[in-house]
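**Student:** Contents of model-v4.cif (mmCIF, C-alpha atoms) are given next:
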data_input
loop_
_atom_site.group_PDB
_atom_site.id
_atom_site.type_symbol
_atom_site.label_atom_id
_atom_site.label_comp_id
_atom_site.auth_asym_id
_atom_site.auth_seq_id
_atom_site.Cartn_x
_atom_site.Cartn_y
_atom_site.Cartn_z
ATOM 1 C CA MET N 1 72.097 30.693 43.828
ATOM 2 C CA ASN N 2 75.617 30.087 44.948
ATOM 3 C CA ASP N 3 77.792 33.068 45.570
ATOM 4 C CA ILE N 4 81.302 33.777 46.707
ATOM 5 C CA ARG N 5 80.175 33.777 50.329
ATOM 6 C CA ASN N 6 79.292 30.157 50.602
ATOM 7 C CA GLN N 7 80.131 27.972 47.668
ATOM 8 C CA GLU N 8 82.168 28.000 44.530
ATOM 9 C CA ARG N 9 80.558 27.031 41.299
ATOM 10 C CA GLU N 10 81.213 23.493 40.270
ATOM 11 C CA GLU N 11 83.103 23.659 37.072
ATOM 12 C CA SER N 12 83.607 20.789 34.725
ATOM 13 C CA THR N 13 87.146 20.656 33.415
ATOM 14 C CA ARG N 14 86.678 17.542 31.334
ATOM 15 C CA THR N 15 87.982 19.265 28.251
ATOM 16 C CA GLU N 16 91.493 19.387 29.723
ATOM 17 C CA GLU N 17 93.545 16.212 30.095
ATOM 18 C CA SER N 18 94.365 16.175 33.790
ATOM 19 C CA PRO N 19 92.092 17.066 36.705
ATOM 20 C CA ALA N 20 92.939 20.425 38.204
ATOM 21 C CA LEU N 21 93.770 20.916 41.847
ATOM 22 C CA LEU N 22 91.335 22.964 43.906
ATOM 23 C CA PRO N 23 93.360 25.665 45.632
ATOM 24 C CA PRO N 24 92.317 26.253 49.261
ATOM 25 C CA VAL N 25 90.958 29.769 49.831
ATOM 26 C CA ASP N 26 90.036 32.170 52.602
ATOM 27 C CA VAL N 27 87.310 34.706 51.890
ATOM 28 C CA ILE N 28 86.918 37.660 54.224
ATOM 29 C CA GLU N 29 84.224 40.314 53.872
ATOM 30 C CA ASP N 30 84.380 43.713 55.504
ATOM 31 C CA SER N 31 82.245 46.815 55.021
ATOM 32 C CA GLY N 32 84.245 47.937 51.971
ATOM 33 C CA GLY N 33 84.416 44.713 50.030
ATOM 34 C CA ILE N 34 85.660 41.153 49.839
ATOM 35 C CA THR N 35 89.217 39.864 50.114
ATOM 36 C CA LEU N 36 90.106 36.413 48.822
ATOM 37 C CA TYR N 37 93.351 34.595 49.543
ATOM 38 C CA ALA N 38 94.264 31.490 47.543
ATOM 39 C CA ASP N 39 97.208 29.110 47.969
ATOM 40 C CA LEU N 40 98.832 28.390 44.600
ATOM 41 C CA PRO N 41 102.298 27.071 45.453
ATOM 42 C CA GLY N 42 104.603 26.387 42.528
ATOM 43 C CA VAL N 43 102.888 28.793 40.141
ATOM 44 C CA PRO N 44 105.165 31.510 38.744
ATOM 45 C CA LYS N 45 103.513 34.913 38.230
ATOM 46 C CA GLU N 46 103.426 34.547 34.424
ATOM 47 C CA GLN N 47 101.570 31.217 34.717
ATOM 48 C CA LEU N 48 98.732 32.651 36.808
ATOM 49 C CA THR N 49 95.439 33.718 35.225
ATOM 50 C CA LEU N 50 92.859 35.728 37.090
ATOM 51 C CA GLN N 51 89.722 36.431 35.148
ATOM 52 C CA VAL N 52 86.506 38.286 35.863
ATOM 53 C CA ASP N 53 83.845 37.464 33.326
ATOM 54 C CA ALA N 54 80.448 39.015 34.025
ATOM 55 C CA ASP N 55 79.729 37.588 37.471
ATOM 56 C CA THR N 56 82.372 34.850 37.573
ATOM 57 C CA LEU N 57 85.825 35.085 39.083
ATOM 58 C CA THR N 58 88.184 32.404 37.797
ATOM 59 C CA ILE N 59 91.590 31.557 39.197
ATOM 60 C CA ALA N 60 93.838 29.265 37.162
ATOM 61 C CA GLY N 61 97.521 28.505 37.247
ATOM 62 C CA ASN N 62 100.151 26.048 36.113
ATOM 63 C CA ILE N 63 102.812 24.632 38.404
ATOM 64 C CA VAL N 64 106.362 24.936 37.131
ATOM 65 C CA LEU N 65 108.970 22.945 39.019
ATOM 66 C CA PRO N 66 112.653 22.816 38.128
ATOM 67 C CA LEU N 67 113.375 20.077 35.608
ATOM 68 C CA ILE N 68 115.676 17.476 37.102
ATOM 69 C CA GLU N 69 117.248 14.910 34.859
ATOM 70 C CA GLY N 70 116.375 11.300 35.635
ATOM 71 C CA LEU N 71 113.889 12.177 38.389
ATOM 72 C CA GLU N 72 111.526 9.357 39.343
ATOM 73 C CA SER N 73 108.614 10.226 41.583
ATOM 74 C CA THR N 74 108.348 8.057 44.688
ATOM 75 C CA HIS N 75 105.645 9.968 46.566
ATOM 76 C CA ALA N 76 103.291 12.618 45.184
ATOM 77 C CA GLU N 77 100.683 14.516 47.176
ATOM 78 C CA VAL N 78 100.412 17.272 44.611
ATOM 79 C CA ALA N 79 99.115 15.064 41.852
ATOM 80 C CA SER N 80 98.315 17.536 39.083
ATOM 81 C CA PRO N 81 100.260 20.409 37.521
ATOM 82 C CA ARG N 82 97.200 22.715 37.323
ATOM 83 C CA TYR N 83 95.028 24.714 39.670
ATOM 84 C CA HIS N 84 91.525 25.838 38.758
ATOM 85 C CA ARG N 85 88.662 27.298 40.749
ATOM 86 C CA SER N 86 85.845 29.710 40.054
ATOM 87 C CA PHE N 87 83.430 31.717 42.147
ATOM 88 C CA THR N 88 80.174 33.463 41.390
ATOM 89 C CA LEU N 89 80.221 37.100 42.445
ATOM 90 C CA SER N 90 77.216 38.981 43.711
ATOM 91 C CA ARG N 91 75.923 42.140 42.083
ATOM 92 C CA GLU N 92 77.010 44.667 44.682
ATOM 93 C CA LEU N 93 80.675 43.869 44.029
ATOM 94 C CA ASP N 94 82.518 46.253 41.722
ATOM 95 C CA THR N 95 84.266 43.993 39.221
ATOM 96 C CA ASP N 96 85.856 46.990 37.469
ATOM 97 C CA ARG N 97 88.069 47.736 40.436
ATOM 98 C CA VAL N 98 89.463 44.305 41.286
ATOM 99 C CA GLY N 99 92.978 44.456 42.721
ATOM 100 C CA ALA N 100 95.345 41.520 43.083
ATOM 101 C CA ASP N 101 98.844 40.654 44.194
ATOM 102 C CA PHE N 102 100.738 37.377 44.222
ATOM 103 C CA ASN N 103 103.552 36.599 46.619
ATOM 104 C CA HIS N 104 105.300 33.355 47.579
ATOM 105 C CA GLY N 105 102.478 31.349 46.029
ATOM 106 C CA VAL N 106 99.660 33.213 47.792
ATOM 107 C CA LEU N 107 97.210 35.180 45.650
ATOM 108 C CA ARG N 108 95.323 38.049 47.257
ATOM 109 C CA VAL N 109 92.294 39.440 45.420
ATOM 110 C CA ARG N 110 90.424 42.482 46.645
ATOM 111 C CA ILE N 111 86.968 43.190 45.230
ATOM 112 C CA PRO N 112 85.462 46.423 46.536
ATOM 113 C CA LYS N 113 81.739 46.989 46.843
ATOM 114 C CA LYS N 114 80.003 49.446 44.547
ATOM 115 C CA GLU N 115 79.535 52.922 45.984
ATOM 116 C CA HIS N 116 75.793 52.545 46.468
ATOM 117 C CA ALA N 117 76.300 49.244 48.238
ATOM 118 C CA LEU N 118 78.534 50.691 50.958
ATOM 119 C CA PRO N 119 76.930 50.687 54.368
ATOM 120 C CA ARG N 120 74.977 53.781 55.320
ATOM 121 C CA LYS N 121 73.642 54.468 58.701
ATOM 122 C CA ILE N 122 69.908 54.779 58.603
ATOM 123 C CA ALA N 123 68.312 56.888 61.220
ATOM 124 C CA VAL N 124 65.301 55.326 62.822
ATOM 125 C CA ALA N 125 62.582 57.826 63.447
ATOM 126 C CA VAL N 126 60.479 57.299 66.497
ATOM 127 C CA GLY N 127 56.814 58.162 66.714
ATOM 128 C CA MET M 1 106.022 11.796 35.411
ATOM 129 C CA PHE M 2 105.488 13.724 38.575
ATOM 130 C CA TYR M 3 101.734 13.813 38.384
ATOM 131 C CA ARG M 4 98.963 11.273 38.371
ATOM 132 C CA THR M 5 96.134 11.637 35.897
ATOM 133 C CA LEU M 6 93.392 9.398 37.173
ATOM 134 C CA LEU M 7 90.490 11.625 38.138
ATOM 135 C CA PRO M 8 88.153 13.201 35.595
ATOM 136 C CA ALA M 9 87.159 16.418 37.362
ATOM 137 C CA ASP M 10 87.732 19.001 40.072
ATOM 138 C CA VAL M 11 84.985 17.607 42.232
ATOM 139 C CA LEU M 12 86.727 14.291 42.337
ATOM 140 C CA ALA M 13 89.933 15.927 43.493
ATOM 141 C CA GLN M 14 88.017 17.216 46.474
ATOM 142 C CA LEU M 15 86.540 13.788 47.102
ATOM 143 C CA GLU M 16 89.987 12.291 46.959
ATOM 144 C CA ARG M 17 91.186 14.666 49.632
ATOM 145 C CA MET M 18 88.370 13.504 51.914
ATOM 146 C CA GLN M 19 88.991 9.901 51.058
ATOM 147 C CA ARG M 20 92.670 10.189 51.861
ATOM 148 C CA ALA M 21 91.870 11.673 55.260
ATOM 149 C CA ALA M 22 89.447 8.835 55.949
ATOM 150 C CA GLN M 23 91.929 6.239 54.805
ATOM 151 C CA HIS M 24 94.508 7.453 57.283
ATOM 152 C CA ASN M 25 92.127 6.544 60.084
ATOM 153 C CA LEU M 26 91.148 3.169 58.665
ATOM 154 C CA ASP M 27 94.543 2.003 57.564
ATOM 155 C CA PHE M 28 95.667 -1.003 59.572
ATOM 156 C CA THR M 29 99.323 -0.201 59.071
ATOM 157 C CA PRO M 30 99.511 3.562 59.162
ATOM 158 C CA SER M 31 102.818 5.376 59.037
ATOM 159 C CA ILE M 32 104.423 5.481 62.470
ATOM 160 C CA ARG M 33 104.469 9.273 62.239
ATOM 161 C CA GLY M 34 100.767 9.385 61.458
ATOM 162 C CA ALA M 35 99.082 11.866 59.151
ATOM 163 C CA SER M 36 100.292 15.397 59.234
ATOM 164 C CA ARG M 37 97.775 17.930 60.508
ATOM 165 C CA SER M 38 95.816 19.258 57.513
ATOM 166 C CA GLY M 39 98.585 17.931 55.299
ATOM 167 C CA TYR M 40 100.457 21.212 55.203
ATOM 168 C CA PRO M 41 102.766 21.438 53.434
ATOM 169 C CA ALA M 42 101.929 18.865 50.758
ATOM 170 C CA MET M 43 105.044 17.018 49.670
ATOM 171 C CA ASN M 44 106.344 15.384 46.534
ATOM 172 C CA VAL M 45 109.459 13.248 46.732
ATOM 173 C CA GLY M 46 111.529 11.888 43.874
ATOM 174 C CA LEU M 47 114.820 10.099 43.342
ATOM 175 C CA THR M 48 117.547 10.449 40.776
ATOM 176 C CA PRO M 49 120.684 8.289 40.710
ATOM 177 C CA ARG M 50 122.600 11.224 42.236
ATOM 178 C CA SER M 51 120.133 12.881 44.587
ATOM 179 C CA VAL M 52 116.911 12.839 46.554
ATOM 180 C CA GLU M 53 114.582 15.689 45.594
ATOM 181 C CA VAL M 54 111.931 16.868 48.061
ATOM 182 C CA PHE M 55 109.329 19.497 47.133
ATOM 183 C CA ALA M 56 107.277 20.985 49.964
ATOM 184 C CA PHE M 57 104.322 23.061 48.747
ATOM 185 C CA ALA M 58 104.407 25.672 51.506
ATOM 186 C CA PRO M 59 103.040 28.987 50.199
ATOM 187 C CA GLY M 60 103.040 32.239 52.114
ATOM 188 C CA LEU M 61 106.084 31.742 54.303
ATOM 189 C CA ASP M 62 109.013 33.979 55.067
ATOM 190 C CA PRO M 63 111.954 31.949 53.693
ATOM 191 C CA ALA M 64 114.076 32.906 56.703
ATOM 192 C CA SER M 65 111.567 31.346 59.102
ATOM 193 C CA ILE M 66 111.543 27.871 57.525
ATOM 194 C CA ASP M 67 113.470 25.323 59.566
ATOM 195 C CA VAL M 68 114.998 22.505 57.495
ATOM 196 C CA GLN M 69 117.002 19.834 59.302
ATOM 197 C CA ILE M 70 118.534 16.468 58.513
ATOM 198 C CA GLU M 71 119.212 14.220 61.432
ATOM 199 C CA LYS M 72 119.850 10.479 61.380
ATOM 200 C CA GLY M 73 118.541 10.120 57.858
ATOM 201 C CA VAL M 74 115.313 12.009 58.494
ATOM 202 C CA LEU M 75 114.523 15.323 56.842
ATOM 203 C CA THR M 76 112.361 17.676 58.902
ATOM 204 C CA VAL M 77 110.632 20.770 57.561
ATOM 205 C CA ALA M 78 109.049 22.983 60.206
ATOM 206 C CA GLY M 79 107.715 26.505 60.516
ATOM 207 C CA GLU M 80 104.683 28.591 61.194
ATOM 208 C CA ARG M 81 102.136 30.322 59.020
ATOM 209 C CA ALA M 82 100.230 33.252 60.450
ATOM 210 C CA SER M 83 96.446 33.287 60.329
ATOM 211 C CA LEU M 84 94.769 35.961 58.205
ATOM 212 C CA ALA M 85 91.459 35.660 60.009
ATOM 213 C CA PRO M 86 90.118 39.072 60.997
ATOM 214 C CA PRO M 87 90.273 39.921 64.703
ATOM 215 C CA LYS M 88 87.008 39.443 66.573
ATOM 216 C CA GLU M 89 86.428 43.134 67.126
ATOM 217 C CA ALA M 90 86.809 43.951 63.410
ATOM 218 C CA GLN M 91 83.641 44.341 61.378
ATOM 219 C CA ALA M 92 84.569 41.513 59.058
ATOM 220 C CA THR M 93 83.229 38.063 58.330
ATOM 221 C CA LEU M 94 85.234 35.010 57.420
ATOM 222 C CA HIS M 95 83.061 33.263 54.817
ATOM 223 C CA ILE M 96 85.446 30.526 53.677
ATOM 224 C CA ASP M 97 88.316 29.306 55.852
ATOM 225 C CA GLU M 98 90.266 26.528 54.131
ATOM 226 C CA ARG M 99 93.852 27.682 54.232
ATOM 227 C CA PHE M 100 96.188 26.234 56.813
ATOM 228 C CA SER M 101 97.488 28.426 59.615
ATOM 229 C CA GLY M 102 99.586 27.723 62.657
ATOM 230 C CA ARG M 103 102.685 25.669 63.319
ATOM 231 C CA PHE M 104 103.579 22.757 61.082
ATOM 232 C CA ARG M 105 106.198 20.023 60.978
ATOM 233 C CA ARG M 106 106.632 17.299 58.405
ATOM 234 C CA VAL M 107 109.268 14.604 58.190
ATOM 235 C CA VAL M 108 110.551 12.470 55.350
ATOM 236 C CA SER M 109 112.792 9.425 55.804
ATOM 237 C CA LEU M 110 115.686 9.561 53.398
ATOM 238 C CA PRO M 111 117.510 6.597 51.856
ATOM 239 C CA ASP M 112 120.620 5.300 53.661
ATOM 240 C CA ASP M 113 123.082 6.477 51.053
ATOM 241 C CA ILE M 114 122.525 10.235 51.395
ATOM 242 C CA ASP M 115 125.273 12.705 52.221
ATOM 243 C CA PRO M 116 123.891 15.014 54.958
ATOM 244 C CA ASN M 117 126.600 17.554 54.178
ATOM 245 C CA ALA M 118 125.579 18.048 50.562
ATOM 246 C CA VAL M 119 122.136 19.569 50.903
ATOM 247 C CA ASN M 120 120.658 22.419 48.950
ATOM 248 C CA ALA M 121 117.406 24.169 49.898
ATOM 249 C CA ARG M 122 115.638 26.811 47.846
ATOM 250 C CA TYR M 123 112.282 28.556 48.307
ATOM 251 C CA ARG M 124 110.590 29.764 45.155
ATOM 252 C CA ASP M 125 106.957 30.628 44.288
ATOM 253 C CA GLY M 126 105.885 29.112 47.603
ATOM 254 C CA VAL M 127 107.630 25.772 47.050
ATOM 255 C CA LEU M 128 110.554 24.647 49.180
ATOM 256 C CA HIS M 129 112.850 22.449 47.134
ATOM 257 C CA VAL M 130 115.407 20.415 49.091
ATOM 258 C CA SER M 131 117.984 18.484 47.122
ATOM 259 C CA VAL M 132 120.089 15.968 49.046
ATOM 260 C CA SER M 133 123.042 14.330 47.286
ATOM 261 C CA ARG M 134 123.603 10.584 47.412
ATOM 262 C CA ARG M 135 127.073 9.215 47.996
ATOM 263 C CA GLU M 136 129.256 8.413 45.028
ATOM 264 C CA THR M 137 129.580 4.772 45.939
ATOM 265 C CA SER M 138 125.884 4.105 45.548
ATOM 266 C CA GLN M 139 125.788 5.420 42.015
ATOM 267 C CA PRO M 140 125.745 2.796 39.290
ATOM 268 C CA ARG M 141 129.232 2.097 37.979
ATOM 269 C CA ARG M 142 130.240 0.304 34.893
ATOM 270 C CA ILE M 143 132.616 -2.564 35.583
ATOM 271 C CA ASP M 144 135.063 -3.433 32.894
ATOM 272 C CA ILE M 145 135.485 -7.070 32.065
ATOM 273 C CA GLN M 146 139.112 -8.043 31.700
#
Here is a file; write its structure as structure tokens.

**Tutor:**
Amino acid sequence: MNDIRNQEREESTRTEESPALLPPVDVIEDSGGITLYADLPGVPKEQLTLQVDADTLTIAGNIVLPLIEGLESTHAEVASPRYHRSFTLSRELDTDRVGADFNHGVLRVRIPKKEHALPRKIAVAVG
Amino acid sequence: MFYRTLLPADVLAQLERMQRAAQHNLDFTPSIRGASRSGYPAMNVGLTPRSVEVFAFAPGLDPASIDVQIEKGVLTVAGERASLAPPKEAQATLHIDERFSGRFRRVVSLPDDIDPNAVNARYRDGVLHVSVSRRETSQPRRIDIQ
């Protein structure tokens, strides 16, 4: 099974008109939990959706650029106005305590591990 | 008008990214400036009769550290983005590492009729928007017939 540590779930977005952009992410795990950073440039805070549904974390956002009268595109590398990406979370992550902040187009999501999943030192008895 | 709608799904967007990288190497007449490293920041450029509008998708920067210059009709956007990778001694693992970090520099050639003194740059939601005015003379004018 895929999980957040190696691969995002492939999600069909055929229902929507335009293909969504896949935001690049960094995922860092430490003993207390997982931190995810995602680049979502051009998305204002109110156009960002972060959703945890059972074991799936979904990031979605719409790009809002200033409207300029008579603008004709001559070169476009950002070819869609939407971002969408989802990840499957593993069971030891505590989805009730997800924290997030969003600054200059970078989303930071912190998912702590459940208490019982925190590392414990196990003494090895000899003999 | 600013976006293309050709690909049916997310997966294809990823494929396109790979394809574009491959194309840069195969292209017989590549741009003289070559492909930018990792394509950061991605850029959209558009024209209006009065201005040239450049959008650089550069999230996570300190606005004061972005260097925007116009010299001889070329717009340069440069800066640096710090890496968030955990230090080696930390008990942390980097599972996915896709975001750009390090120094970057991208250039855009501007049309001949721009006014380098009428430039406006704004950084908002991780997008740098540079608006360069075009000279009056190049704007379409209606000529009265006598």

**Student:** Restricting the calculation to only C-alpha atoms, which member of N:Leu118, N:Leu48, N:Val78, N:Leu22 is positioned closest to Leu93 in chain N?

**Tutor:**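 Smallest separation from Leu93 in chain N among the options: N:Leu118.
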
**Student:** Report as a PyMOL selection string the residues that result from applying the PyMOL selection byres ((chain N and resi 26-28) around 7) to the structure here.

**Tutor:** (chain N and resi 25+29-30+34-38) or (chain M and resi 92-99)

**Student:** Would you mind listing, as a PyMOL selection string, all residues of chain N that have at least one atom within 7 Å of chain M, where all atoms listed in the file are what counts?

**Tutor:** chain N and resi 5-6+12-14+18-22+24-31+39+41-44+70-81+104-106

**Student:** What gap, in Å, lies between CA of Ala123 in chain N and CA of Lys88 in chain M?

**Tutor:**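 A separation of 26.1 Å between them.
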
**Student:** When the PyMOL selection byres ((chain M and resi 114) around 7) is applied to the file above, which residues end up in the set, as a PyMOL selection string?

**Tutor:** chain M and resi 111-113+115-116+132-135

**Student:** Suppose we keep C-alpha atoms; can you now write the selection as a short mmCIF file (atom, residue, chain, number, x, y, z; two decimals), in the frame of the given file?

**Tutor:**
data_model
loop_
_atom_site.label_atom_id
_atom_site.label_comp_id
_atom_site.auth_asym_id
_atom_site.auth_seq_id
_atom_site.Cartn_x
_atom_site.Cartn_y
_atom_site.Cartn_z
CA PRO M 111 117.51 6.60 51.86
CA ASP M 112 120.62 5.30 53.66
CA ASP M 113 123.08 6.48 51.05
CA ASP M 115 125.27 12.70 52.22
CA PRO M 116 123.89 15.01 54.96
CA VAL M 132 120.09 15.97 49.05
CA SER M 133 123.04 14.33 47.29
CA ARG M 134 123.60 10.58 47.41
CA ARG M 135 127.07 9.22 48.00
#

**Student:** Find, counting all atoms listed in the file, the residue in M:Val130, M:Met18, M:Ala64, M:Ala118 that gets nearest to Thr76 in chain M.

**Tutor:**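 Looking only at the distances to Thr76 in chain M, the closest residue turns out to be M:Val130.
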
**Student:** CA of Arg103 in chain M and CA of Ala78 in chain M are how many Å apart?

**Tutor:** 7.6 Å

**Student:** Quick one, how far is CA of Leu50 in chain N from CA of Val64 in chain N?

**Tutor:**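 Interatomic distance here is 17.3 Å.
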
**Student:** Hey, could you pull the box centre and edge lengths for range 40-59 of chain N, axis-aligned, 8 Å padding per side, all listed atoms, to one decimal in Å, as JSON?

**Tutor:**
{"center_x": 92.4, "center_y": 32.7, "center_z": 39.4, "size_x": 41.4, "size_y": 28.6, "size_z": 28.1}

**Student:** Find the residues near range 54-58 of chain N: any atom within 12 Å, counting all atoms listed in the file, skip ones fewer than 2 places away on the same chain, and give them as a PDB file with C-alpha atoms, in the coordinates of the input.

**Tutor:**
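selection_27.pdb, written as the output of this step:
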ATOM      1  CA  ASN N   2      75.617  30.087  44.948  1.00  0.00           C
ATOM      2  CA  ASP N   3      77.792  33.068  45.570  1.00  0.00           C
ATOM      3  CA  ILE N   4      81.302  33.777  46.707  1.00  0.00           C
ATOM      4  CA  GLU N   8      82.168  28.000  44.530  1.00  0.00           C
ATOM      5  CA  ARG N   9      80.558  27.031  41.299  1.00  0.00           C
ATOM      6  CA  GLU N  10      81.213  23.493  40.270  1.00  0.00           C
ATOM      7  CA  GLU N  11      83.103  23.659  37.072  1.00  0.00           C
ATOM      8  CA  LEU N  22      91.335  22.964  43.906  1.00  0.00           C
ATOM      9  CA  PRO N  23      93.360  25.665  45.632  1.00  0.00           C
ATOM     10  CA  LEU N  36      90.106  36.413  48.822  1.00  0.00           C
ATOM     11  CA  ALA N  38      94.264  31.490  47.543  1.00  0.00           C
ATOM     12  CA  LEU N  48      98.732  32.651  36.808  1.00  0.00           C
ATOM     13  CA  THR N  49      95.439  33.718  35.225  1.00  0.00           C
ATOM     14  CA  LEU N  50      92.859  35.728  37.090  1.00  0.00           C
ATOM     15  CA  GLN N  51      89.722  36.431  35.148  1.00  0.00           C
ATOM     16  CA  VAL N  52      86.506  38.286  35.863  1.00  0.00           C
ATOM     17  CA  ALA N  60      93.838  29.265  37.162  1.00  0.00           C
ATOM     18  CA  GLY N  61      97.521  28.505  37.247  1.00  0.00           C
ATOM     19  CA  TYR N  83      95.028  24.714  39.670  1.00  0.00           C
ATOM     20  CA  HIS N  84      91.525  25.838  38.758  1.00  0.00           C
ATOM     21  CA  ARG N  85      88.662  27.298  40.749  1.00  0.00           C
ATOM     22  CA  SER N  86      85.845  29.710  40.054  1.00  0.00           C
ATOM     23  CA  PHE N  87      83.430  31.717  42.147  1.00  0.00           C
ATOM     24  CA  THR N  88      80.174  33.463  41.390  1.00  0.00           C
ATOM     25  CA  LEU N  89      80.221  37.100  42.445  1.00  0.00           C
ATOM     26  CA  SER N  90      77.216  38.981  43.711  1.00  0.00           C
ATOM     27  CA  ARG N  91      75.923  42.140  42.083  1.00  0.00           C
ATOM     28  CA  GLU N  92      77.010  44.667  44.682  1.00  0.00           C
ATOM     29  CA  LEU N  93      80.675  43.869  44.029  1.00  0.00           C
ATOM     30  CA  ASP N  94      82.518  46.253  41.722  1.00  0.00           C
ATOM     31  CA  THR N  95      84.266  43.993  39.221  1.00  0.00           C
ATOM     32  CA  ASP N  96      85.856  46.990  37.469  1.00  0.00           C
ATOM     33  CA  VAL N  98      89.463  44.305  41.286  1.00  0.00           C
ATOM     34  CA  VAL N 109      92.294  39.440  45.420  1.00  0.00           C
ATOM     35  CA  ARG N 110      90.424  42.482  46.645  1.00  0.00           C
ATOM     36  CA  ILE N 111      86.968  43.190  45.230  1.00  0.00           C
TER      37      ILE N 111
END

**Student:** Could you tell me which residues the PyMOL selection byres ((chain M and resi 68) around 10) returns for this structure, as number ranges by chain?

**Tutor:** M: 65-67, 69-70, 75-79, 105-107, 121, 128, 130

**Student:** Pick from M:Arg122, M:Ser101, M:Ser109, M:Ser131: nearest to Gly73 in chain M, with all atoms listed in the file counted?

**Tutor:**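 For Gly73 in chain M, the nearest of the given residues is M:Ser109.
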
**Student:** Would you mind writing range 80-85 of chain M with all heavy atoms, as an mmCIF file, in the frame of the given file?

**Tutor:**
data_model
loop_
_atom_site.group_PDB
_atom_site.id
_atom_site.type_symbol
_atom_site.label_atom_id
_atom_site.label_comp_id
_atom_site.auth_asym_id
_atom_site.auth_seq_id
_atom_site.Cartn_x
_atom_site.Cartn_y
_atom_site.Cartn_z
ATOM 1 N N GLU M 80 105.975 28.113 60.727
ATOM 2 C CA GLU M 80 104.683 28.591 61.194
ATOM 3 C C GLU M 80 104.098 29.520 60.145
ATOM 4 O O GLU M 80 104.820 30.300 59.523
ATOM 5 C CB GLU M 80 104.853 29.356 62.516
ATOM 6 C CG GLU M 80 103.528 29.795 63.095
ATOM 7 C CD GLU M 80 103.617 30.248 64.550
ATOM 8 O OE1 GLU M 80 104.748 30.429 65.035
ATOM 9 O OE2 GLU M 80 102.568 30.441 65.166
ATOM 10 N N ARG M 81 102.797 29.404 59.934
ATOM 11 C CA ARG M 81 102.136 30.322 59.020
ATOM 12 C C ARG M 81 101.067 31.080 59.783
ATOM 13 O O ARG M 81 100.203 30.484 60.421
ATOM 14 C CB ARG M 81 101.520 29.578 57.838
ATOM 15 C CG ARG M 81 101.005 30.547 56.787
ATOM 16 C CD ARG M 81 100.881 29.896 55.441
ATOM 17 N NE ARG M 81 99.581 29.295 55.268
ATOM 18 C CZ ARG M 81 98.981 29.196 54.074
ATOM 19 N NH1 ARG M 81 99.580 29.629 52.996
ATOM 20 N NH2 ARG M 81 97.816 28.627 53.988
ATOM 21 N N ALA M 82 101.146 32.400 59.694
ATOM 22 C CA ALA M 82 100.230 33.252 60.450
ATOM 23 C C ALA M 82 98.823 33.156 59.880
ATOM 24 O O ALA M 82 98.639 32.957 58.685
ATOM 25 C CB ALA M 82 100.714 34.693 60.402
ATOM 26 N N SER M 83 97.844 33.303 60.753
ATOM 27 C CA SER M 83 96.446 33.287 60.329
ATOM 28 C C SER M 83 96.073 34.664 59.795
ATOM 29 O O SER M 83 96.517 35.692 60.299
ATOM 30 C CB SER M 83 95.563 32.937 61.518
ATOM 31 O OG SER M 83 94.220 33.137 61.171
ATOM 32 N N LEU M 84 95.214 34.685 58.772
ATOM 33 C CA LEU M 84 94.769 35.961 58.205
ATOM 34 C C LEU M 84 93.364 36.296 58.677
ATOM 35 O O LEU M 84 92.778 37.278 58.246
ATOM 36 C CB LEU M 84 94.794 35.891 56.680
ATOM 37 C CG LEU M 84 96.181 35.785 56.051
ATOM 38 C CD1 LEU M 84 96.073 35.438 54.584
ATOM 39 C CD2 LEU M 84 96.942 37.083 56.231
ATOM 40 N N ALA M 85 92.830 35.442 59.541
ATOM 41 C CA ALA M 85 91.459 35.660 60.009
ATOM 42 C C ALA M 85 91.362 37.020 60.684
ATOM 43 O O ALA M 85 92.256 37.438 61.407
ATOM 44 C CB ALA M 85 91.064 34.559 60.982
#
